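For reference, final_1.cif is printed below; it contains mmCIF, C-alpha atoms.
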data_target
loop_
_atom_site.label_atom_id
_atom_site.label_comp_id
_atom_site.auth_asym_id
_atom_site.auth_seq_id
_atom_site.Cartn_x
_atom_site.Cartn_y
_atom_site.Cartn_z
CA MET E 1 11.51 201.21 140.80
CA SER E 2 12.94 200.78 137.38
CA GLU E 3 9.69 201.79 135.79
CA ILE E 4 9.46 205.16 134.30
CA GLN E 5 6.04 206.38 133.60
CA VAL E 6 5.79 208.37 130.45
CA LYS E 7 3.10 210.97 130.82
CA GLU E 8 0.60 211.45 128.12
CA GLU E 9 0.97 214.56 126.10
CA GLY E 10 -1.76 217.08 127.02
CA GLY E 11 -5.29 216.28 126.08
CA GLY E 12 -4.52 215.91 122.39
CA LYS E 13 -6.81 214.12 120.13
CA ASN E 14 -4.42 211.45 118.99
CA LYS E 15 -4.64 208.83 121.61
CA GLN E 16 -1.23 207.87 122.81
CA LYS E 17 -0.81 204.57 124.48
CA LYS E 18 0.38 204.71 128.04
CA GLN E 19 3.90 203.48 127.84
CA GLN E 20 5.94 201.89 130.49
CA LEU E 21 9.67 202.16 130.27
CA ARG E 22 11.06 199.27 132.16
CA VAL E 23 14.78 198.71 132.28
CA ASP E 24 15.81 195.15 132.91
CA PHE E 25 18.64 195.14 135.42
CA THR E 26 19.35 191.41 135.33
CA PRO E 27 22.37 191.59 132.99
CA MET E 28 23.77 194.41 135.12
CA VAL E 29 23.52 192.22 138.21
CA ASP E 30 25.14 189.34 136.34
CA MET E 31 28.05 191.47 135.33
CA ASN E 32 28.50 192.87 138.84
CA MET E 33 28.47 189.40 140.32
CA LEU E 34 31.20 188.36 137.91
CA LEU E 35 33.29 191.36 138.87
CA ILE E 36 32.82 190.64 142.56
CA THR E 37 33.90 187.05 142.06
CA PHE E 38 36.97 188.25 140.19
CA PHE E 39 37.92 190.63 142.99
CA MET E 40 37.34 188.01 145.65
CA PHE E 41 39.68 185.56 143.99
CA CYS E 42 42.41 187.89 142.84
CA THR E 43 42.80 190.20 145.79
CA THR E 44 43.54 189.91 149.42
CA LEU E 45 42.02 191.86 152.25
CA LEU E 46 45.07 191.46 154.45
CA THR E 47 47.12 194.59 154.29
CA PRO E 48 50.73 193.79 154.98
CA LYS E 49 52.35 195.86 157.68
CA THR E 50 55.83 195.82 159.01
CA MET E 51 57.53 195.71 162.34
CA ASN E 52 60.85 197.44 162.65
CA ILE E 53 63.57 195.62 164.48
CA THR E 54 67.15 196.50 165.14
CA MET E 55 69.48 193.70 166.01
CA PRO E 56 72.59 194.17 168.13
CA THR E 57 75.77 194.33 166.05
CA LYS E 58 77.83 191.22 165.69
CA ASP E 59 81.03 193.21 165.93
CA GLU E 60 83.44 191.30 168.11
CA THR E 61 85.86 194.20 168.40
CA LEU E 62 83.54 196.08 170.77
CA ASP E 63 85.06 197.01 174.11
CA ASP E 64 83.35 196.06 177.30
CA LYS E 65 82.61 199.69 178.02
CA ASP E 66 80.68 200.03 174.76
CA LYS E 67 78.40 197.17 175.57
CA THR E 68 75.08 197.99 177.11
CA LYS E 69 75.01 197.29 180.78
CA ILE E 70 71.83 196.03 182.30
CA LYS E 71 70.97 196.37 185.92
CA GLU E 72 70.28 192.94 187.27
CA SER E 73 67.02 193.73 189.00
CA MET E 74 65.65 195.25 185.83
CA ALA E 75 66.66 192.45 183.48
CA ILE E 76 63.96 190.10 182.32
CA THR E 77 64.79 187.19 180.09
CA ILE E 78 62.03 185.63 178.05
CA LEU E 79 62.66 182.16 176.71
CA LEU E 80 60.51 180.99 173.84
CA GLY E 81 60.07 177.25 173.98
CA ALA E 82 58.49 174.50 171.93
CA ASN E 83 54.73 174.15 171.38
CA ASN E 84 54.06 177.87 171.92
CA GLU E 85 55.31 177.76 175.48
CA VAL E 86 57.04 180.74 176.98
CA TYR E 87 59.10 181.09 180.15
CA TYR E 88 60.67 184.03 181.85
CA TYR E 89 63.03 184.83 184.68
CA THR E 90 64.31 188.01 186.20
CA GLY E 91 67.88 188.89 186.90
CA MET E 92 70.82 186.85 185.83
CA ILE E 93 71.62 183.21 186.27
CA ALA E 94 73.85 183.06 189.36
CA GLU E 95 77.52 182.60 188.65
CA ASP E 96 77.87 179.68 191.04
CA LYS E 97 75.19 178.04 188.88
CA SER E 98 73.01 177.38 191.94
CA SER E 99 69.99 178.60 190.01
CA TYR E 100 70.71 176.07 187.27
CA THR E 101 69.05 173.23 189.01
CA ASP E 102 66.19 175.18 190.50
CA PRO E 103 63.15 174.75 188.25
CA ASN E 104 61.28 177.48 190.14
CA PHE E 105 63.74 180.04 188.85
CA LEU E 106 61.80 179.93 185.61
CA THR E 107 58.16 180.95 185.48
CA LYS E 108 55.92 179.50 182.84
CA SER E 109 53.73 181.98 181.02
CA SER E 110 51.73 182.26 177.82
CA TYR E 111 51.26 184.61 174.89
CA ASP E 112 47.71 185.36 176.05
CA ALA E 113 46.65 188.68 177.47
CA ASP E 114 46.79 187.37 181.03
CA GLY E 115 50.18 185.74 180.60
CA LEU E 116 53.28 187.58 179.55
CA ARG E 117 51.42 190.85 178.99
CA LYS E 118 50.01 190.99 182.50
CA TYR E 119 53.44 190.44 183.99
CA LEU E 120 55.18 192.96 181.77
CA LEU E 121 52.52 195.60 182.31
CA GLY E 122 52.96 195.13 186.04
CA ARG E 123 56.68 195.70 185.72
CA ASN E 124 56.32 198.59 183.33
CA SER E 125 53.15 200.23 184.66
CA GLU E 126 54.61 203.67 185.26
CA MET E 127 55.97 204.09 181.76
CA TYR E 128 52.98 202.40 180.21
CA THR E 129 50.51 204.96 181.53
CA VAL E 130 52.71 207.89 180.53
CA ILE E 131 53.10 206.62 176.99
CA GLU E 132 49.42 205.73 176.67
CA GLU E 133 48.58 209.34 177.56
CA LEU E 134 50.92 210.53 174.84
CA LYS E 135 49.33 208.10 172.40
CA ALA E 136 45.89 209.45 173.20
CA LYS E 137 47.16 212.98 172.61
CA LYS E 138 48.61 211.89 169.29
CA ASP E 139 45.33 210.29 168.26
CA LYS E 140 43.48 213.49 169.11
CA GLN E 141 46.11 215.34 167.06
CA GLN E 142 47.17 217.53 169.93
CA ILE E 143 50.75 216.62 169.20
CA THR E 144 52.33 215.61 165.92
CA ILE E 145 53.76 212.18 165.21
CA GLU E 146 57.30 213.55 165.33
CA GLN E 147 56.68 215.07 168.75
CA TYR E 148 55.19 211.81 169.91
CA ASN E 149 58.18 209.80 168.71
CA GLN E 150 60.60 212.25 170.26
CA GLN E 151 58.82 212.33 173.61
CA THR E 152 58.41 208.58 173.91
CA ALA E 153 62.08 208.08 173.07
CA ASP E 154 63.04 210.61 175.78
CA ILE E 155 60.81 209.01 178.38
CA GLN E 156 62.09 205.54 177.61
CA LYS E 157 65.70 206.67 177.70
CA LYS E 158 65.23 208.42 181.02
CA ALA E 159 63.43 205.47 182.57
CA ILE E 160 66.31 203.20 181.63
CA GLN E 161 68.83 205.60 183.13
CA ASP E 162 66.83 205.78 186.33
CA THR E 163 66.51 201.98 186.25
CA LYS E 164 62.77 202.21 186.44
CA ALA E 165 61.98 200.42 183.22
CA PRO E 166 62.66 196.74 182.63
CA GLN E 167 65.12 195.72 179.99
CA ILE E 168 64.13 192.63 178.18
CA MET E 169 66.03 189.95 176.36
CA ILE E 170 64.03 187.70 174.13
CA LYS E 171 65.75 184.40 173.55
CA PRO E 172 64.00 182.02 171.20
CA THR E 173 65.11 178.40 171.47
CA ASP E 174 65.68 176.29 168.41
CA LEU E 175 62.25 174.74 168.95
CA ALA E 176 60.39 178.04 168.72
CA THR E 177 58.79 179.26 165.52
CA TYR E 178 58.97 182.59 163.76
CA LYS E 179 55.43 183.32 164.91
CA ASN E 180 56.50 182.95 168.55
CA THR E 181 59.27 185.46 167.96
CA VAL E 182 56.94 187.98 166.39
CA ASP E 183 54.37 187.43 169.14
CA ALA E 184 56.97 188.12 171.79
CA LEU E 185 58.15 191.27 169.99
CA ASP E 186 54.52 192.26 169.71
CA GLU E 187 54.08 192.10 173.47
CA MET E 188 56.94 194.61 173.77
CA LEU E 189 55.01 197.00 171.54
CA VAL E 190 51.77 196.46 173.41
CA CYS E 191 53.44 197.06 176.77
CA ASN E 192 55.39 200.11 175.54
CA ILE E 193 58.69 198.55 176.54
CA GLY E 194 61.52 200.85 175.58
CA SER E 195 64.44 198.50 175.66
CA TYR E 196 64.39 194.98 174.31
CA THR E 197 66.66 192.83 172.23
CA LEU E 198 66.43 189.59 170.42
CA SER E 199 69.44 187.67 171.59
CA GLU E 200 71.00 184.29 171.30
CA ILE E 201 70.23 181.63 173.82
CA ASN E 202 73.13 180.39 175.92
CA GLU E 203 73.86 177.13 177.64
CA GLY E 204 72.62 178.29 181.02
CA ASP E 205 69.22 179.04 179.54
CA THR E 206 68.96 175.78 177.67
CA TYR E 207 69.91 173.79 180.75
CA LEU E 208 67.38 175.67 182.82
CA LEU E 209 64.69 174.85 180.28
CA TYR E 210 65.72 171.22 180.37
CA VAL E 211 65.44 171.16 184.17
CA LYS E 212 62.06 172.88 184.05
CA THR E 213 60.46 170.84 181.29
CA GLY E 214 62.46 167.63 181.24
CA ASN E 215 62.69 167.92 177.48
CA PRO E 216 66.27 167.09 176.37
CA GLU E 217 65.59 168.64 172.94
CA TYR E 218 66.26 172.07 174.40
CA LEU E 219 69.86 171.22 175.14
CA SER E 220 72.67 172.20 172.84
CA GLU E 221 74.63 169.49 171.05
CA LYS E 222 77.47 169.70 173.52
CA GLN E 223 75.12 169.47 176.50
CA LYS E 224 73.37 166.46 174.97
CA LEU E 225 76.67 164.64 174.69
CA GLU E 226 77.50 165.43 178.30
CA LEU E 227 74.10 164.25 179.41
CA ASN E 228 74.46 160.95 177.55
CA ALA E 229 77.91 160.47 179.04
CA ASN E 230 76.54 161.02 182.52
CA ILE E 231 73.77 158.47 182.06
CA LYS E 232 76.25 155.86 180.92
CA MET J 1 -22.86 183.50 137.74
CA ALA J 2 -20.03 185.91 137.46
CA LYS J 3 -16.76 184.51 136.34
CA VAL J 4 -13.93 184.79 138.77
CA LYS J 5 -11.46 187.04 137.14
CA VAL J 6 -7.94 185.79 137.51
CA LYS J 7 -5.60 188.72 137.55
CA LYS J 8 -2.77 188.43 135.15
CA GLN J 9 0.42 188.72 137.13
CA SER J 10 3.70 189.68 135.67
CA THR J 11 6.69 187.56 136.64
CA PHE J 12 9.06 190.43 136.20
CA ILE J 13 11.33 190.71 139.23
CA ASP J 14 12.72 194.10 139.93
CA MET J 15 16.50 193.78 139.89
CA THR J 16 17.32 197.38 140.71
CA ALA J 17 17.77 196.74 144.42
CA MET J 18 19.93 193.72 143.73
CA SER J 19 22.03 195.78 141.40
CA ASP J 20 22.47 198.43 144.07
CA VAL J 21 23.73 195.85 146.52
CA THR J 22 26.21 194.31 144.11
CA VAL J 23 27.60 197.68 143.14
CA LEU J 24 28.11 198.49 146.80
CA LEU J 25 29.88 195.20 147.39
CA LEU J 26 32.03 195.76 144.35
CA THR J 27 33.04 199.20 145.55
CA PHE J 28 33.92 197.77 148.94
CA PHE J 29 36.16 195.11 147.44
CA MET J 30 37.83 197.54 145.11
CA LEU J 31 38.64 200.00 147.86
CA THR J 32 39.74 197.68 150.63
CA SER J 33 41.66 194.94 148.91
CA THR J 34 45.03 194.75 147.31
CA PHE J 35 46.01 192.45 144.50
CA VAL J 36 47.68 189.19 145.40
CA LYS J 37 51.30 189.34 144.40
CA ASN J 38 52.51 186.49 142.32
CA GLU J 39 55.03 185.00 144.67
CA PRO J 40 56.78 181.71 144.17
CA VAL J 41 55.69 180.47 147.56
CA GLN J 42 52.62 181.32 149.55
CA VAL J 43 53.54 182.36 153.06
CA THR J 44 51.23 183.23 155.91
CA THR J 45 52.85 186.03 157.82
CA PRO J 46 52.32 186.28 161.57
CA ALA J 47 50.01 188.94 162.97
CA SER J 48 51.17 191.92 164.98
CA VAL J 49 49.80 195.16 166.36
CA SER J 50 52.48 197.14 164.61
CA ASP J 51 51.03 199.33 161.88
CA PHE J 52 53.97 200.67 159.93
CA MET J 53 53.44 200.62 156.19
CA ILE J 54 55.86 198.86 153.90
CA PRO J 55 57.70 201.31 151.67
CA ASP J 56 56.83 200.79 147.99
CA THR J 57 60.28 201.22 146.58
CA GLU J 58 63.88 200.69 147.64
CA VAL J 59 63.09 197.49 149.46
CA MET J 60 64.59 194.07 149.19
CA THR J 61 62.18 191.45 150.38
CA ILE J 62 63.57 188.18 151.63
CA LEU J 63 60.86 185.62 151.24
CA VAL J 64 61.31 182.55 153.41
CA ASN J 65 58.98 179.60 153.33
CA GLU J 66 58.36 177.02 156.01
CA LYS J 67 61.14 174.76 154.76
CA GLY J 68 63.66 177.59 154.72
CA LYS J 69 63.85 178.15 150.96
CA ILE J 70 64.91 181.71 150.27
CA PHE J 71 63.61 183.91 147.48
CA LEU J 72 64.45 187.53 146.88
CA SER J 73 62.55 190.33 145.28
CA LEU J 74 64.02 193.71 144.55
CA GLU J 75 61.87 196.82 144.37
CA GLU J 76 64.21 199.42 142.95
CA SER J 77 65.29 200.91 139.65
CA GLN J 78 65.95 198.43 136.87
CA ALA J 79 69.50 199.69 136.41
CA ASN J 80 70.30 198.75 140.00
CA ILE J 81 68.74 195.33 139.60
CA VAL J 82 70.83 194.62 136.53
CA GLU J 83 73.97 195.88 138.25
CA THR J 84 73.30 193.58 141.22
CA LEU J 85 72.98 190.54 138.97
CA LYS J 86 76.15 191.51 137.13
CA ARG J 87 78.17 191.78 140.32
CA VAL J 88 76.87 188.54 141.79
CA GLY J 89 77.57 186.84 138.46
CA GLU J 90 81.15 188.12 138.52
CA ASP J 91 81.69 186.64 141.96
CA TYR J 92 80.81 183.21 140.69
CA GLY J 93 82.24 183.55 137.19
CA VAL J 94 78.85 183.57 135.48
CA THR J 95 78.15 185.97 132.62
CA PHE J 96 74.80 186.87 131.16
CA SER J 97 73.64 188.03 127.74
CA PRO J 98 71.75 191.32 127.26
CA GLN J 99 68.52 189.34 126.71
CA GLN J 100 69.01 187.59 130.01
CA TYR J 101 69.52 190.92 131.78
CA ASP J 102 66.29 192.11 130.19
CA VAL J 103 64.43 189.13 131.52
CA PHE J 104 65.98 189.49 134.95
CA LYS J 105 65.09 193.12 135.48
CA ASN J 106 61.42 192.37 134.96
CA LEU J 107 61.31 189.44 137.34
CA LYS J 108 59.00 189.86 140.30
CA SER J 109 61.04 187.54 142.44
CA PHE J 110 63.75 185.02 141.92
CA GLY J 111 65.27 182.18 143.82
CA VAL J 112 67.58 179.83 142.00
CA PRO J 113 71.21 178.98 142.65
CA ILE J 114 73.53 181.16 140.58
CA GLY J 115 74.67 178.06 138.66
CA SER J 116 71.14 177.57 137.34
CA MET J 117 70.44 181.25 136.72
CA VAL J 118 71.37 181.25 133.01
CA GLN J 119 69.22 178.22 132.35
CA PHE J 120 66.39 179.73 134.39
CA LEU J 121 66.44 183.05 132.55
CA ASP J 122 66.30 181.27 129.20
CA LEU J 123 63.03 179.56 130.08
CA PRO J 124 59.77 181.03 128.77
CA LYS J 125 57.74 182.99 131.30
CA ASP J 126 55.24 180.27 132.21
CA ALA J 127 57.98 177.71 132.62
CA ARG J 128 59.82 180.08 134.99
CA ASP J 129 56.79 180.42 137.24
CA SER J 130 56.23 176.70 137.42
CA TYR J 131 59.95 176.14 137.94
CA LEU J 132 59.90 178.29 141.08
CA LYS J 133 56.73 176.65 142.34
CA GLU J 134 58.43 173.26 142.59
CA GLY J 135 59.12 173.86 146.22
CA GLU J 136 60.70 170.49 146.85
CA ASN J 137 63.21 170.85 144.06
CA THR J 138 66.73 171.22 145.40
CA ARG J 139 67.46 173.65 142.60
CA VAL J 140 64.90 176.17 143.83
CA GLY J 141 65.71 178.76 146.46
CA ILE J 142 68.86 180.75 146.99
CA PRO J 143 71.38 178.57 148.83
CA ASP J 144 72.85 179.99 152.00
CA SER J 145 75.41 177.31 152.67
CA GLU J 146 79.13 177.90 152.71
CA GLU J 147 79.94 174.60 151.02
CA ALA J 148 79.41 173.84 147.38
CA LEU J 149 76.69 171.25 146.83
CA SER J 150 75.60 169.35 143.79
CA ASP J 151 73.01 166.78 142.79
CA VAL J 152 72.70 164.44 139.81
CA ARG J 153 71.73 167.28 137.49
CA GLY J 154 74.68 169.48 138.37
CA VAL J 155 75.64 172.24 140.74
CA VAL J 156 73.02 173.12 143.34
CA SER J 157 75.05 175.60 145.29
CA ALA J 158 78.27 177.26 144.27
CA GLY J 159 79.12 177.70 147.94
CA LYS J 160 80.43 180.81 149.68
CA ASN J 161 76.89 181.58 150.82
CA GLU J 162 75.16 182.86 147.68
CA PHE J 163 72.43 184.53 149.73
CA LYS J 164 74.98 186.69 151.49
CA HIS J 165 76.51 187.71 148.18
CA TRP J 166 73.13 188.79 146.83
CA VAL J 167 72.41 190.93 149.87
CA MET J 168 75.92 192.35 149.92
CA HIS J 169 75.85 193.45 146.28
CA ALA J 170 72.26 194.65 146.33
CA THR J 171 73.02 196.93 149.28
CA GLU J 172 76.31 198.06 147.77
CA VAL J 173 74.62 199.06 144.52
CA ASN J 174 71.87 200.90 146.36
CA SER J 175 72.75 202.07 149.84
CA GLU J 176 69.18 203.24 150.42
CA LEU J 177 67.89 199.71 150.07
CA ARG J 178 65.98 198.45 153.06
CA ILE J 179 65.70 194.84 154.05
CA ALA J 180 62.32 193.28 154.69
CA ILE J 181 61.92 189.73 155.90
CA LYS J 182 58.75 187.96 154.97
CA ALA J 183 58.66 184.56 156.56
CA ASP J 184 55.97 182.00 157.15
CA LYS J 185 54.73 181.96 160.71
CA LEU J 186 55.54 178.28 161.10
CA THR J 187 59.16 178.68 160.07
CA ALA J 188 61.42 177.23 162.73
CA TYR J 189 63.50 179.84 164.52
CA PRO J 190 66.93 178.43 163.57
CA ILE J 191 66.17 179.22 159.91
CA ILE J 192 65.40 182.83 160.75
CA LYS J 193 68.42 183.00 163.02
CA LYS J 194 70.68 181.82 160.20
CA ILE J 195 69.34 184.53 157.90
CA MET J 196 69.66 187.24 160.54
CA ASP J 197 73.18 186.08 161.39
CA ASP J 198 74.17 186.29 157.73
CA LEU J 199 72.74 189.79 157.56
CA ARG J 200 74.41 190.83 160.78
CA GLU J 201 77.75 189.68 159.45
CA LEU J 202 77.18 192.14 156.61
CA LYS J 203 76.50 194.79 159.27
CA LYS J 204 72.86 195.00 158.30
CA ASN J 205 71.11 195.32 161.63
CA ARG J 206 67.82 196.93 160.75
CA TYR J 207 65.04 194.94 159.23
CA LEU J 208 61.39 195.25 158.56
CA LEU J 209 59.54 192.13 159.55
CA ILE J 210 56.48 191.83 157.37
CA THR J 211 53.38 191.02 159.38
CA THR J 212 49.66 191.30 158.98
CA LEU J 213 47.70 193.67 161.12
CA LYS J 214 46.22 192.01 164.15
CA THR J 215 42.57 192.86 164.60
CA ALA J 216 40.77 192.96 167.91
CA SER J 217 39.04 189.67 167.22
CA SER J 218 42.23 187.72 166.64
CA GLU J 219 43.81 188.86 169.87
#
Please, can you express the file's structure as structure tokens?
Amino acid sequence: MSEIQVKEEGGGKNKQKKQQLRVDFTPMVDMNMLLITFFMFCTTLLTPKTMNITMPTKDETLDDKDKTKIKESMAITILLGANNEVYYYTGMIAEDKSSYTDPNFLTKSSYDADGLRKYLLGRNSEMYTVIEELKAKKDKQQITIEQYNQQTADIQKKAIQDTKAPQIMIKPTDLATYKNTVDALDEMLVCNIGSYTLSEINEGDTYLLYVKTGNPEYLSEKQKLELNANIK
Amino acid sequence: MAKVKVKKQSTFIDMTAMSDVTVLLLTFFMLTSTFVKNEPVQVTTPASVSDFMIPDTEVMTILVNEKGKIFLSLEESQANIVETLKRVGEDYGVTFSPQQYDVFKNLKSFGVPIGSMVQFLDLPKDARDSYLKEGENTRVGIPDSEEALSDVRGVVSAGKNEFKHWVMHATEVNSELRIAIKADKLTAYPIIKKIMDDLRELKKNRYLLITTLKTASSE
């Protein structure tokens, strides 16, 4: 391939030797290999992306009427536990605390496709299909990204008003990791959930986790003291 | 008897094809990869399906390692960076020389208690990098405790939550500044909660969580 045949000049009398021009590519390969090694060591293939998150304000002066109200049947609370475990329950913990001691109030799930995602898709199926259609349109460039954002926001807002879409609270326990948190937020994106917040765990939730798993590490400091006092 | 003629064979291997392949590989690496940033700690960010790009400028990245050490890096104009340092210094009664400001504005990332900042900025470049890489050192990482702490070598934290002061001044100097959190995936949640609570007290409620793109295979 790297041979170039030099043709003899006409039928001249002076006999020219047939010459072969052969370029040696070995040094070129050497140099390329060096460059490749350099790029492999000094660069990364992982392109960093970001996930936008808006936290609820910590303003204590808010009136009750300003706070978002959640319809009980539409509220789902996801508790992120230790060792990549995840639990969820719907509705609120009953005020008479009867649900406190009922371990079946909590359902154990997982971060896999047939765990949390399956459940959430079931609850959010109507909105999911509508938004997926919009997404497909966006990918085919039938609508612009701005239109897509606007329309999804409208659909999600309307669904919440009509109490058709679930509203989700993600509550990581102190034993959860950052990865668990991001995974849970990721499920919200996958399932096209319009309304979700990352909120603080309360004592009802920690007690419920303790009842379900029997792991006293979930309890808050105050609850641990109470528990020890009871045992004594 | 006729002699068996042994054909002279050349041992020349044609390297052209090989060269083609390497050039292709090289092109692939050059186009798809990005350079590794020199960060004081290596963190593995969690994967997500979200595909928003990180803005190149006007971002403050909060780098958190597994142990909860905080480092900051500011991607904005050098004037703003200098102004931020000046204001934080004023809060803690620390003043810097023009040379130290010069060093600071070219820093990729920083993470030392304000009490050690002067000493840190006076170090030569290599010494600064290795200083930050001593992850276990109590004098590395921006302290986020309210109380003043000290060890045998002096002040470790001047108290009043230095981290909060950095964020407060950086966002005051540049109101366009966005906050990105880059944490290791194994970081315990209470560490992240503490950081988010500090930010929320400053009425900063929007963050970019830095993640890597999840591919179909890793799902």
With all atoms listed in the file as the atoms that count, which of E:Lys135, E:Lys17, E:Lys164, E:Lys49 lies nearest to Asn149 of chain E?
E:Lys135
Target residues per the PyMOL selection byres ((chain E) within 9 of (chain J)), formatted as a PyMOL selection string:
chain E and resi 1-2+23-26+28-30+32-33+35-36+39-59+112-113+172-183+185-187+189-190+200
Given the file above and the PyMOL selection byres ((chain J and resi 76) around 12), which residues are selected, and can you give them as a PyMOL selection string?
chain J and resi 55-61+73-75+77-84+105-108+170-171+173-178
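Between atom CA of Val86 of chain E and atom CA of Thr197 of chain E the separation is 16.2 Å.
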Exactly which residues make up the result of the PyMOL selection byres ((chain J and resi 110-112) around 8) on this file, given as a PyMOL selection string?
chain J and resi 70-73+107-109+113-114+116-117+120+132+139-143
Selected residues, C-alpha atoms, written as a compact mmCIF listing (two decimals), keeping the file's coordinate frame, please.
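Output (part.txt):
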# COMPACT_ATOMS: atom_id res chain seq x y z
CA ILE J 70 64.91 181.71 150.27
CA PHE J 71 63.61 183.91 147.48
CA LEU J 72 64.45 187.53 146.88
CA SER J 73 62.55 190.33 145.28
CA LEU J 107 61.31 189.44 137.34
CA LYS J 108 59.00 189.86 140.30
CA SER J 109 61.04 187.54 142.44
CA PRO J 113 71.21 178.98 142.65
CA ILE J 114 73.53 181.16 140.58
CA SER J 116 71.14 177.57 137.34
CA MET J 117 70.44 181.25 136.72
CA PHE J 120 66.39 179.73 134.39
CA LEU J 132 59.90 178.29 141.08
CA ARG J 139 67.46 173.65 142.60
CA VAL J 140 64.90 176.17 143.83
CA GLY J 141 65.71 178.76 146.46
CA ILE J 142 68.86 180.75 146.99
CA PRO J 143 71.38 178.57 148.83
Point-to-point distance in Å for atom CA of Tyr196 of chain E and atom CA of Ser73 of chain E
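Straight-line distance from atom CA of Ser73 of chain E to atom CA of Tyr196 of chain E works out to 15.0 Å.
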Atom CA of Cys191 of chain E sits from atom CA of Asn84 of chain E at a separation of 19.8 Å
Go through E:Asp114, E:Asp102, E:Met127, E:Lys224 one by one, measure the shortest atom-to-atom distance of each to Leu208 of chain E using only C-alpha atoms, and give the residue with the smallest value.
E:Asp102
Nearby residues (all atoms listed in the file) at most 8 Å from Gln100 of chain J, same-chain spacing under 2 positions excluded, as number ranges by chain
J: 96-98, 102-104, 118, 121-122
